[in-house]
>>> print(open('coords.txt').read())   # compact mmCIF, C-alpha atoms
# COMPACT_ATOMS: atom_id res chain seq x y z
CA MET O 9 -134.12 95.82 67.49
CA ASN O 10 -135.67 92.54 66.35
CA ALA O 11 -139.06 92.09 68.04
CA TYR O 12 -138.22 88.55 69.21
CA ILE O 13 -135.13 89.87 70.98
CA GLU O 14 -136.90 92.95 72.30
CA ILE O 15 -139.70 90.92 73.90
CA LEU O 16 -137.09 89.07 75.97
CA ARG O 17 -136.25 92.45 77.54
CA PRO O 18 -132.51 91.69 77.30
CA GLY O 19 -131.57 94.49 79.72
CA ASN O 20 -133.84 92.99 82.36
CA ALA O 21 -132.62 89.46 81.64
CA PHE O 22 -129.01 90.59 81.78
CA MET O 23 -129.55 91.77 85.38
CA ALA O 24 -130.12 88.11 86.26
CA VAL O 25 -126.91 87.18 84.44
CA VAL O 26 -125.06 89.81 86.49
CA ALA O 27 -126.01 87.93 89.66
CA VAL O 28 -124.29 84.78 88.38
CA ILE O 29 -121.24 86.67 87.14
CA LEU O 30 -121.03 88.51 90.43
CA MET O 31 -121.04 85.30 92.47
CA ALA O 32 -118.46 83.78 90.11
CA ILE O 33 -116.14 86.78 90.57
CA ILE O 34 -116.53 86.81 94.34
CA ASP O 35 -115.83 83.07 94.63
CA LYS O 36 -113.31 82.94 91.77
CA GLN O 37 -115.30 80.17 90.08
CA PHE O 38 -114.82 80.68 86.34
CA THR O 39 -116.07 77.30 85.13
CA ALA O 40 -118.14 75.88 82.30
CA ASN O 41 -121.07 75.61 84.71
CA VAL O 42 -120.92 79.35 85.32
CA LEU O 43 -121.07 80.03 81.59
CA ILE O 44 -124.00 77.63 81.15
CA GLY O 45 -125.62 79.15 84.21
CA CYS O 46 -125.44 82.63 82.65
CA ILE O 47 -126.98 81.44 79.39
CA LEU O 48 -129.63 79.46 81.25
CA VAL O 49 -130.74 82.32 83.52
CA PHE O 50 -130.90 84.72 80.55
CA ILE O 51 -133.12 82.31 78.62
CA ALA O 52 -135.36 81.55 81.62
CA THR O 53 -135.77 85.22 82.51
CA GLY O 54 -136.49 86.02 78.89
CA ALA O 55 -139.12 83.27 78.80
CA GLY O 56 -140.75 84.80 81.87
CA ASN O 57 -140.82 88.21 80.21
CA VAL O 58 -142.40 86.77 77.06
CA ILE O 59 -145.15 84.85 78.90
CA ASN O 60 -145.79 87.96 80.97
CA ASP O 61 -146.34 90.02 77.81
CA TYR O 62 -148.62 87.29 76.47
CA PHE O 63 -150.94 87.50 79.47
CA ASP O 64 -150.56 91.29 79.76
CA PHE O 65 -151.80 91.95 76.23
CA GLU O 66 -154.85 94.02 77.27
CA ILE O 67 -152.98 95.93 79.97
CA ASP O 68 -150.06 96.69 77.66
CA LYS O 69 -152.41 98.16 75.05
CA ILE O 70 -152.90 100.93 77.62
CA ASN O 71 -149.67 101.02 79.63
CA ARG O 72 -147.10 99.83 77.04
CA PRO O 73 -148.60 100.11 73.52
CA ASP O 74 -145.10 100.14 72.00
CA ARG O 75 -144.30 96.61 73.16
CA ALA O 76 -143.96 93.84 70.60
CA ILE O 77 -147.41 92.23 71.00
CA PRO O 78 -149.73 95.27 71.29
CA SER O 79 -147.81 97.03 68.51
CA GLY O 80 -148.49 94.05 66.22
CA ARG O 81 -144.85 93.13 65.61
CA ILE O 82 -145.36 89.69 67.19
CA LYS O 83 -148.61 87.74 67.07
CA ARG O 84 -149.87 86.93 70.55
CA GLU O 85 -150.04 83.16 69.93
CA HIS O 86 -146.50 83.20 68.54
CA ALA O 87 -145.31 84.79 71.80
CA LEU O 88 -146.90 81.90 73.71
CA TYR O 89 -145.09 79.29 71.60
CA TYR O 90 -141.86 81.26 71.91
CA SER O 91 -142.06 81.31 75.71
CA ILE O 92 -142.80 77.58 75.91
CA ILE O 93 -139.75 76.78 73.77
CA LEU O 94 -137.56 79.00 75.93
CA PHE O 95 -138.82 77.42 79.15
CA ILE O 96 -138.08 73.95 77.77
CA ILE O 97 -134.56 74.99 76.73
CA SER O 98 -133.90 76.38 80.21
CA ILE O 99 -134.89 73.09 81.83
CA ILE O 100 -132.80 71.05 79.39
CA LEU O 101 -129.75 73.21 80.10
CA SER O 102 -130.25 72.86 83.85
CA PHE O 103 -129.65 69.10 83.59
CA THR O 104 -126.09 69.82 82.42
CA ILE O 105 -125.23 71.46 85.77
CA SER O 106 -126.81 69.55 88.66
CA THR O 107 -130.06 68.13 90.02
CA GLU O 108 -130.22 71.02 92.50
CA ILE O 109 -130.17 73.50 89.62
CA VAL O 110 -132.87 71.51 87.83
CA ALA O 111 -135.09 71.89 90.90
CA VAL O 112 -134.39 75.63 91.18
CA VAL O 113 -135.05 76.25 87.48
CA VAL O 114 -138.29 74.25 87.44
CA ILE O 115 -139.55 76.09 90.52
CA CYS O 116 -138.65 79.47 89.03
CA ASP O 117 -140.23 78.62 85.67
CA ILE O 118 -143.47 77.63 87.42
CA LEU O 119 -143.42 80.79 89.53
CA MET O 120 -142.94 82.97 86.45
CA ILE O 121 -145.89 81.33 84.70
CA LEU O 122 -148.12 81.61 87.77
CA TYR O 123 -147.08 85.22 88.21
CA ALA O 124 -147.97 86.12 84.63
CA TYR O 125 -151.24 84.17 84.68
CA ASP O 126 -152.59 85.06 88.12
CA PHE O 127 -150.26 86.24 90.91
CA LYS O 128 -149.54 89.68 89.46
CA LYS O 129 -153.23 90.58 89.74
CA ARG O 130 -153.27 89.93 93.49
CA ILE O 131 -152.38 92.41 96.20
CA LEU O 132 -148.65 92.17 96.98
CA ILE O 133 -148.51 88.49 95.95
CA GLY O 134 -147.31 89.44 92.47
CA ASN O 135 -144.78 91.92 93.85
CA ILE O 136 -143.47 89.38 96.35
CA THR O 137 -143.20 86.74 93.61
CA VAL O 138 -141.02 88.98 91.42
CA ALA O 139 -138.86 89.94 94.40
CA LEU O 140 -138.55 86.26 95.37
CA LEU O 141 -137.52 85.31 91.82
CA THR O 142 -134.84 87.99 91.86
CA ALA O 143 -133.61 86.77 95.25
CA ILE O 144 -133.58 83.13 94.12
CA THR O 145 -131.26 84.13 91.27
CA PHE O 146 -128.52 84.78 93.83
CA ILE O 147 -129.20 81.48 95.59
CA TYR O 148 -129.15 79.77 92.17
CA ALA O 149 -125.76 81.37 91.51
CA GLY O 150 -124.62 80.34 94.98
CA VAL O 151 -125.46 76.71 94.21
CA ILE O 152 -123.45 76.90 90.97
CA VAL O 153 -120.33 78.24 92.72
CA SER O 154 -120.88 76.24 95.94
CA ASP O 155 -121.40 79.30 98.15
CA VAL O 156 -125.07 79.22 99.12
CA ASN O 157 -124.52 81.24 102.32
CA LEU O 158 -123.28 84.31 100.46
CA GLY O 159 -125.99 83.79 97.87
CA PHE O 160 -128.55 83.93 100.68
CA TYR O 161 -127.15 87.19 102.11
CA LEU O 162 -127.29 88.90 98.72
CA ALA O 163 -130.72 87.40 98.08
CA VAL O 164 -132.11 89.23 101.13
CA PHE O 165 -130.94 92.59 99.79
CA ALA O 166 -132.17 91.78 96.28
CA PHE O 167 -135.58 90.84 97.67
CA ILE O 168 -136.06 94.11 99.58
CA MET O 169 -134.84 96.33 96.73
CA THR O 170 -136.89 94.51 94.11
CA LEU O 171 -140.07 94.50 96.19
CA SER O 172 -139.79 98.26 96.64
CA ARG O 173 -139.32 98.84 92.91
CA GLU O 174 -142.18 96.51 91.98
CA ILE O 175 -144.59 98.47 94.19
CA ILE O 176 -143.45 101.70 92.52
CA LYS O 177 -144.01 100.13 89.09
CA ASP O 178 -147.54 99.08 90.08
CA THR O 179 -148.23 102.64 91.23
CA GLU O 180 -146.94 103.91 87.89
CA ASP O 181 -149.23 101.51 86.00
CA ILE O 182 -152.34 102.07 88.13
CA ILE O 183 -154.53 103.39 85.28
CA GLY O 184 -154.01 100.45 82.94
CA ASP O 185 -154.12 97.91 85.76
CA ARG O 186 -157.42 99.29 87.05
CA GLN O 187 -159.01 99.13 83.60
CA ALA O 188 -157.79 95.55 83.21
CA GLY O 189 -159.36 94.53 86.53
CA ALA O 190 -156.11 93.96 88.40
CA ASN O 191 -156.17 94.22 92.19
CA THR O 192 -152.76 95.67 93.00
CA PHE O 193 -151.66 97.34 96.24
CA PRO O 194 -151.97 100.94 94.95
CA ILE O 195 -155.42 100.19 93.50
CA LYS O 196 -156.64 98.74 96.79
CA TYR O 197 -155.00 101.14 99.24
CA GLY O 198 -154.14 104.18 97.12
CA GLN O 199 -151.00 105.59 95.55
CA LYS O 200 -149.85 107.38 98.69
CA SER O 201 -149.91 104.22 100.83
CA ALA O 202 -148.11 102.23 98.10
CA VAL O 203 -145.36 104.83 97.75
CA ILE O 204 -144.91 105.00 101.53
CA VAL O 205 -144.46 101.21 101.73
CA ALA O 206 -141.94 101.33 98.86
CA VAL O 207 -140.03 104.14 100.55
CA ILE O 208 -139.92 102.24 103.87
CA LEU O 209 -138.44 99.24 102.06
CA ASN O 210 -135.87 101.54 100.42
CA ILE O 211 -134.85 102.91 103.80
CA ILE O 212 -134.60 99.40 105.29
CA ALA O 213 -132.28 98.38 102.44
CA CYS O 214 -130.10 101.44 103.06
CA ILE O 215 -129.95 100.80 106.80
CA LEU O 216 -128.91 97.17 106.25
CA THR O 217 -126.12 97.90 103.73
CA PRO O 218 -123.34 98.24 106.37
CA PHE O 219 -124.16 94.70 107.57
CA LEU O 220 -122.18 93.09 104.75
CA TYR O 221 -119.14 95.14 105.79
CA THR O 222 -119.41 94.85 109.58
CA THR O 223 -119.79 91.07 109.35
CA GLY O 224 -116.71 90.81 107.13
CA VAL O 225 -118.51 89.58 104.03
CA PHE O 226 -117.06 92.47 101.98
CA ASP O 227 -114.24 94.94 102.55
CA ILE O 228 -114.24 98.75 102.70
CA ASP O 229 -114.44 99.11 98.89
CA TYR O 230 -117.99 97.78 99.08
CA LEU O 231 -118.97 100.35 101.68
CA VAL O 232 -117.53 103.25 99.67
CA VAL O 233 -119.40 102.34 96.50
CA VAL O 234 -122.70 101.21 98.05
CA VAL O 235 -123.09 104.69 99.56
CA PHE O 236 -123.81 105.98 96.04
CA ALA O 237 -126.54 103.37 95.64
CA ASP O 238 -128.02 104.37 99.00
CA ILE O 239 -128.01 108.05 98.02
CA LEU O 240 -129.79 107.24 94.76
CA PHE O 241 -132.35 105.11 96.61
CA LEU O 242 -133.04 108.00 98.99
CA ILE O 243 -133.31 110.50 96.11
CA SER O 244 -135.76 108.12 94.43
CA ALA O 245 -137.77 107.92 97.65
CA LYS O 246 -138.00 111.70 97.91
CA MET O 247 -139.06 111.96 94.26
CA ALA O 248 -141.75 109.31 94.71
CA LEU O 249 -143.21 111.03 97.76
CA SER O 250 -143.38 114.39 95.99
CA ASP O 251 -145.16 113.39 92.78
CA TYR O 252 -147.36 110.34 92.02
CA SER O 253 -147.64 111.01 88.29
CA LYS O 254 -146.90 108.19 85.84
CA GLU O 255 -144.02 110.15 84.31
CA ASN O 256 -142.31 110.83 87.63
CA LEU O 257 -142.77 107.30 88.95
CA HIS O 258 -141.28 105.95 85.72
CA LYS O 259 -138.17 108.04 86.44
CA VAL O 260 -138.16 106.79 90.04
CA SER O 261 -138.30 103.17 88.83
CA SER O 262 -135.41 103.82 86.44
CA TYR O 263 -133.29 105.44 89.16
CA MET O 264 -133.98 102.52 91.48
CA LYS O 265 -132.85 100.09 88.78
CA ILE O 266 -129.59 102.05 88.43
CA ALA O 267 -129.16 102.01 92.21
CA MET O 268 -129.60 98.24 92.24
CA PHE O 269 -126.95 97.89 89.55
CA ILE O 270 -124.56 100.09 91.57
CA SER O 271 -125.24 97.82 94.56
CA PHE O 272 -124.22 94.81 92.47
CA ILE O 273 -121.02 96.63 91.46
CA SER O 274 -120.30 97.34 95.13
CA PHE O 275 -120.64 93.62 95.92
CA MET O 276 -118.04 92.84 93.29
CA LEU O 277 -115.63 95.58 94.36
CA GLY O 278 -116.10 94.60 97.99
CA SER O 279 -114.50 91.26 97.20
CA TRP O 280 -111.84 92.74 94.90
CA ILE O 281 -109.11 92.53 97.49
CA ASN O 282 -109.65 88.77 97.61
CA ILE O 283 -109.64 88.46 93.82
CA ILE O 284 -106.33 90.10 93.09
CA PRO O 285 -103.38 88.10 94.45
CA VAL O 286 -101.06 90.08 96.72
>>> encode(input="coords.txt", output="C-alpha cells")
Amino acid sequence: MNAYIEILRPGNAFMAVVAVILMAIIDKQFTANVLIGCILVFIATGAGNVINDYFDFEIDKINRPDRAIPSGRIKREHALYYSIILFIISIILSFTISTEIVAVVVICDILMILYAYDFKKRILIGNITVALLTAITFIYAGVIVSDVNLGFYLAVFAFIMTLSREIIKDTEDIIGDRQAGANTFPIKYGQKSAVIVAVILNIIACILTPFLYTTGVFDIDYLVVVVFADILFLISAKMALSDYSKENLHKVSSYMKIAMFISFISFMLGSWINIIPV
C-alpha cells in the first residue's frame, strides 16, 4: 500500500464514513450532501490520523515502528504538510453543505490537532477526546440528514464503546507511552485499574443496547444482531481481565473494533423494515 494512503489509516477513516452512510440509510436521505459528507469525513479523519503520527513519532518508534514515518517511508515534515492540506480541504468541502457543518468540521479539526499535540498525553482527556470525536461523527451525520435526535442517541453509544477501546489501547501501549513521558490512565493508576474501567464501560454499553429497541428507535432486527456485538464485547472484557500483555490487549482492541462494526450493522438492520416499502 502507498505510504501516503496507509498513513491515513483508511480502515479507521472508513468507520467514520460508515456513520454517515448508516444515518443516510436509516433516514433514506441519499443526496449529494451525503456523498460530500462521506468524502469530507474520510479526509478529515485521515488528516487527524496523519497529524497524530507526526506528533507520535518518538512513541511510534517503540510501539509502531512499521508505520510510515518511523519506518522512513514518509519524511516527518512531509506528513505535517500533508495533514495541513487535508484539514484545509475538509473545511473547504464543509462550505458546500451548510454553515452548521462548517462549525462541526472546524471544531473537530481543532480537537484532532489538540489531541495529537497535547490531549493524548493527559489522563483520560485524550481518551475522552477520541470518544467525543467518534460521537460527534453521528451528530455530524444527523445534521446532514436532518435527524439530529437519532444522531445524538447513536453518539452516546459510540462514545461509551470508543472510550472503552481507547483505554484498552493505552494499556496496550503502556511501555512506549511511559518512555515517551505520556501520562495516560494505565501509567498513572496501573494496567489492572485501566482494564477494569474499560470493562465497566463495555458492560454499560451492553446493558443500554435494548434501549434503542424498547423506545421504538429500531425494530427487532436490531436487537437480534446487536446481541452478537454484546457477546463479543463481553468476550473481549473477559480476555482483557485475564491477560494484560501487549499481544493479548491488541487482540482485545481488534475484537472490540469488530463488535463496534457489528453494532453499526445492527443499527442499519434495525431500520430495515422502514427502508423497504411494504
>>> closest_residue(input="coords.txt", among="O:His258, O:Ser279, O:Val203, O:Gly198", to="Tyr230 in chain O", atoms="all atoms listed in the file")
O:Ser279
>>> residues_near_point(input="coords.txt", point="(-127.1, 80.9, 95.1)", cutoff="10 Å", atoms="all atoms listed in the file", output="ChimeraX atom specification")
/O:27-28,31,109,112,143-163
>>> atom_distance(input="coords.txt", atom1="CA of Ile266 in chain O", atom2="CA of Val58 in chain O")
23.0 Å
>>> closest_residue(input="coords.txt", among="O:Met276, O:Thr179, O:Gly189, O:Ile168", to="Phe241 in chain O", atoms="only C-alpha atoms")
O:Ile168
>>> residues_around(input="coords.txt", residues="Gly19 in chain O", least_positions_apart="3", cutoff="12 Å", atoms="all atoms listed in the file", output="list in words")
Ile13, Glu14, Ile15, Leu16, Phe22, Met23, Ala24, Val25, Val26, Phe50, Thr53, Gly54, Asn57, Lys265, Ile266 and Phe269 of chain O
>>> closest_residue(input="coords.txt", among="O:Cys116, O:Ile175, O:Ala21, O:Ile105", to="Lys128 in chain O", atoms="all atoms listed in the file")
O:Ile175
>>> closest_residue(input="coords.txt", among="O:Phe165, O:Tyr62, O:Tyr197, O:Tyr252", to="Phe272 in chain O", atoms="only C-alpha atoms")
O:Phe165
>>> axis_aligned_box(input="coords.txt", around="range 28-38 of chain O", padding_each_side="3 Å", output="lines of an AutoDock Vina configuration file")
center_x = -118.8
center_y = 84.3
center_z = 90.5
size_x = 17.0
size_y = 14.3
size_z = 14.3
>>> closest_residue(input="coords.txt", among="O:Ser106, O:Ser201, O:Asn60, O:Asn20", to="Val42 in chain O", atoms="all atoms listed in the file")
O:Ser106
>>> closest_residue(input="coords.txt", among="O:Asp251, O:Leu48, O:Ile99, O:Ile59", to="Arg84 in chain O", atoms="all atoms listed in the file")
O:Ile59
>>> atom_distance(input="coords.txt", atom1="CA of Ile47 in chain O", atom2="CA of Phe103 in chain O")
13.3 Å
>>> atom_distance(input="coords.txt", atom1="CA of Phe236 in chain O", atom2="CA of Lys259 in chain O")
17.4 Å
>>> residues_around(input="coords.txt", residues="Ile67 in chain O", least_positions_apart="5", cutoff="7 Å", atoms="only C-alpha atoms", output="PyMOL selection string")
chain O and resi 184-185+188
>>> write_last_selection(input="coords.txt", atoms="C-alpha atoms", output="PDB file, keeping the file's coordinate frame")
ATOM      1  CA  GLY O 184    -154.010 100.450  82.940  1.00  0.00           C
ATOM      2  CA  ASP O 185    -154.120  97.910  85.760  1.00  0.00           C
ATOM      3  CA  ALA O 188    -157.790  95.550  83.210  1.00  0.00           C
TER       4      ALA O 188
END
>>> residues_around(input="coords.txt", residues="Ile212 in chain O", least_positions_apart="6", cutoff="12 Å", atoms="only C-alpha atoms", output="list in words")
Val164, Phe165, Phe167, Ile168, Met169, Leu171, Ser172, Val205, Ala206, Pro218, Phe219, Asp238, Phe241, Leu242 and Ala245 of chain O
>>> residues_around(input="coords.txt", residues="Asn135 in chain O", least_positions_apart="3", cutoff="9 Å", atoms="all atoms listed in the file", output="MDAnalysis selection string")
chainID O and resid 127:128 130:132 138:140 170:175 178 192
>>> write_last_selection(input="coords.txt", atoms="C-alpha atoms", output="CSV table (one decimal), in the frame of the given file")
chain,number,residue,atom,x,y,z
O,127,PHE,CA,-150.3,86.2,90.9
O,128,LYS,CA,-149.5,89.7,89.5
O,130,ARG,CA,-153.3,89.9,93.5
O,131,ILE,CA,-152.4,92.4,96.2
O,132,LEU,CA,-148.6,92.2,97.0
O,138,VAL,CA,-141.0,89.0,91.4
O,139,ALA,CA,-138.9,89.9,94.4
O,140,LEU,CA,-138.6,86.3,95.4
O,170,THR,CA,-136.9,94.5,94.1
O,171,LEU,CA,-140.1,94.5,96.2
O,172,SER,CA,-139.8,98.3,96.6
O,173,ARG,CA,-139.3,98.8,92.9
O,174,GLU,CA,-142.2,96.5,92.0
O,175,ILE,CA,-144.6,98.5,94.2
O,178,ASP,CA,-147.5,99.1,90.1
O,192,THR,CA,-152.8,95.7,93.0
>>> decode(input="coords.txt", residues="range 47-63 of chain O", atoms="N, CA and C atoms", output="short mmCIF file (atom, residue, chain, number, x, y, z; two decimals), in the first residue's frame")
data_model
loop_
_atom_site.label_atom_id
_atom_site.label_comp_id
_atom_site.auth_asym_id
_atom_site.auth_seq_id
_atom_site.Cartn_x
_atom_site.Cartn_y
_atom_site.Cartn_z
N ILE O 47 -17.10 11.87 1.82
CA ILE O 47 -15.75 12.23 1.37
C ILE O 47 -15.08 13.14 2.39
N LEU O 48 -15.84 14.10 2.87
CA LEU O 48 -15.33 15.09 3.83
C LEU O 48 -14.86 14.41 5.12
N VAL O 49 -15.69 13.53 5.69
CA VAL O 49 -15.34 12.91 6.97
C VAL O 49 -14.16 11.96 6.81
N PHE O 50 -14.03 11.33 5.65
CA PHE O 50 -12.88 10.47 5.38
C PHE O 50 -11.59 11.30 5.36
N ILE O 51 -11.65 12.43 4.66
CA ILE O 51 -10.48 13.30 4.55
C ILE O 51 -10.10 13.88 5.92
N ALA O 52 -11.10 14.35 6.66
CA ALA O 52 -10.84 14.96 7.97
C ALA O 52 -10.27 13.95 8.95
N THR O 53 -10.86 12.74 8.97
CA THR O 53 -10.35 11.70 9.85
C THR O 53 -8.94 11.30 9.45
N GLY O 54 -8.71 11.20 8.15
CA GLY O 54 -7.37 10.88 7.67
C GLY O 54 -6.37 11.95 8.08
N ALA O 55 -6.77 13.21 7.99
CA ALA O 55 -5.89 14.32 8.41
C ALA O 55 -5.54 14.19 9.89
N GLY O 56 -6.54 13.81 10.70
CA GLY O 56 -6.29 13.63 12.12
C GLY O 56 -5.32 12.50 12.39
N ASN O 57 -5.43 11.43 11.60
CA ASN O 57 -4.51 10.30 11.76
C ASN O 57 -3.08 10.69 11.37
N VAL O 58 -2.96 11.49 10.32
CA VAL O 58 -1.63 11.92 9.87
C VAL O 58 -0.96 12.83 10.90
N ILE O 59 -1.70 13.83 11.41
CA ILE O 59 -1.11 14.75 12.39
C ILE O 59 -0.79 14.01 13.68
N ASN O 60 -1.57 12.99 13.98
CA ASN O 60 -1.30 12.17 15.17
C ASN O 60 0.03 11.42 15.01
N ASP O 61 0.25 10.87 13.82
CA ASP O 61 1.51 10.16 13.56
C ASP O 61 2.69 11.13 13.56
N TYR O 62 2.45 12.35 13.13
CA TYR O 62 3.52 13.36 13.15
C TYR O 62 3.99 13.62 14.57
N PHE O 63 3.05 13.84 15.47
CA PHE O 63 3.42 14.13 16.86
C PHE O 63 3.84 12.88 17.63
#
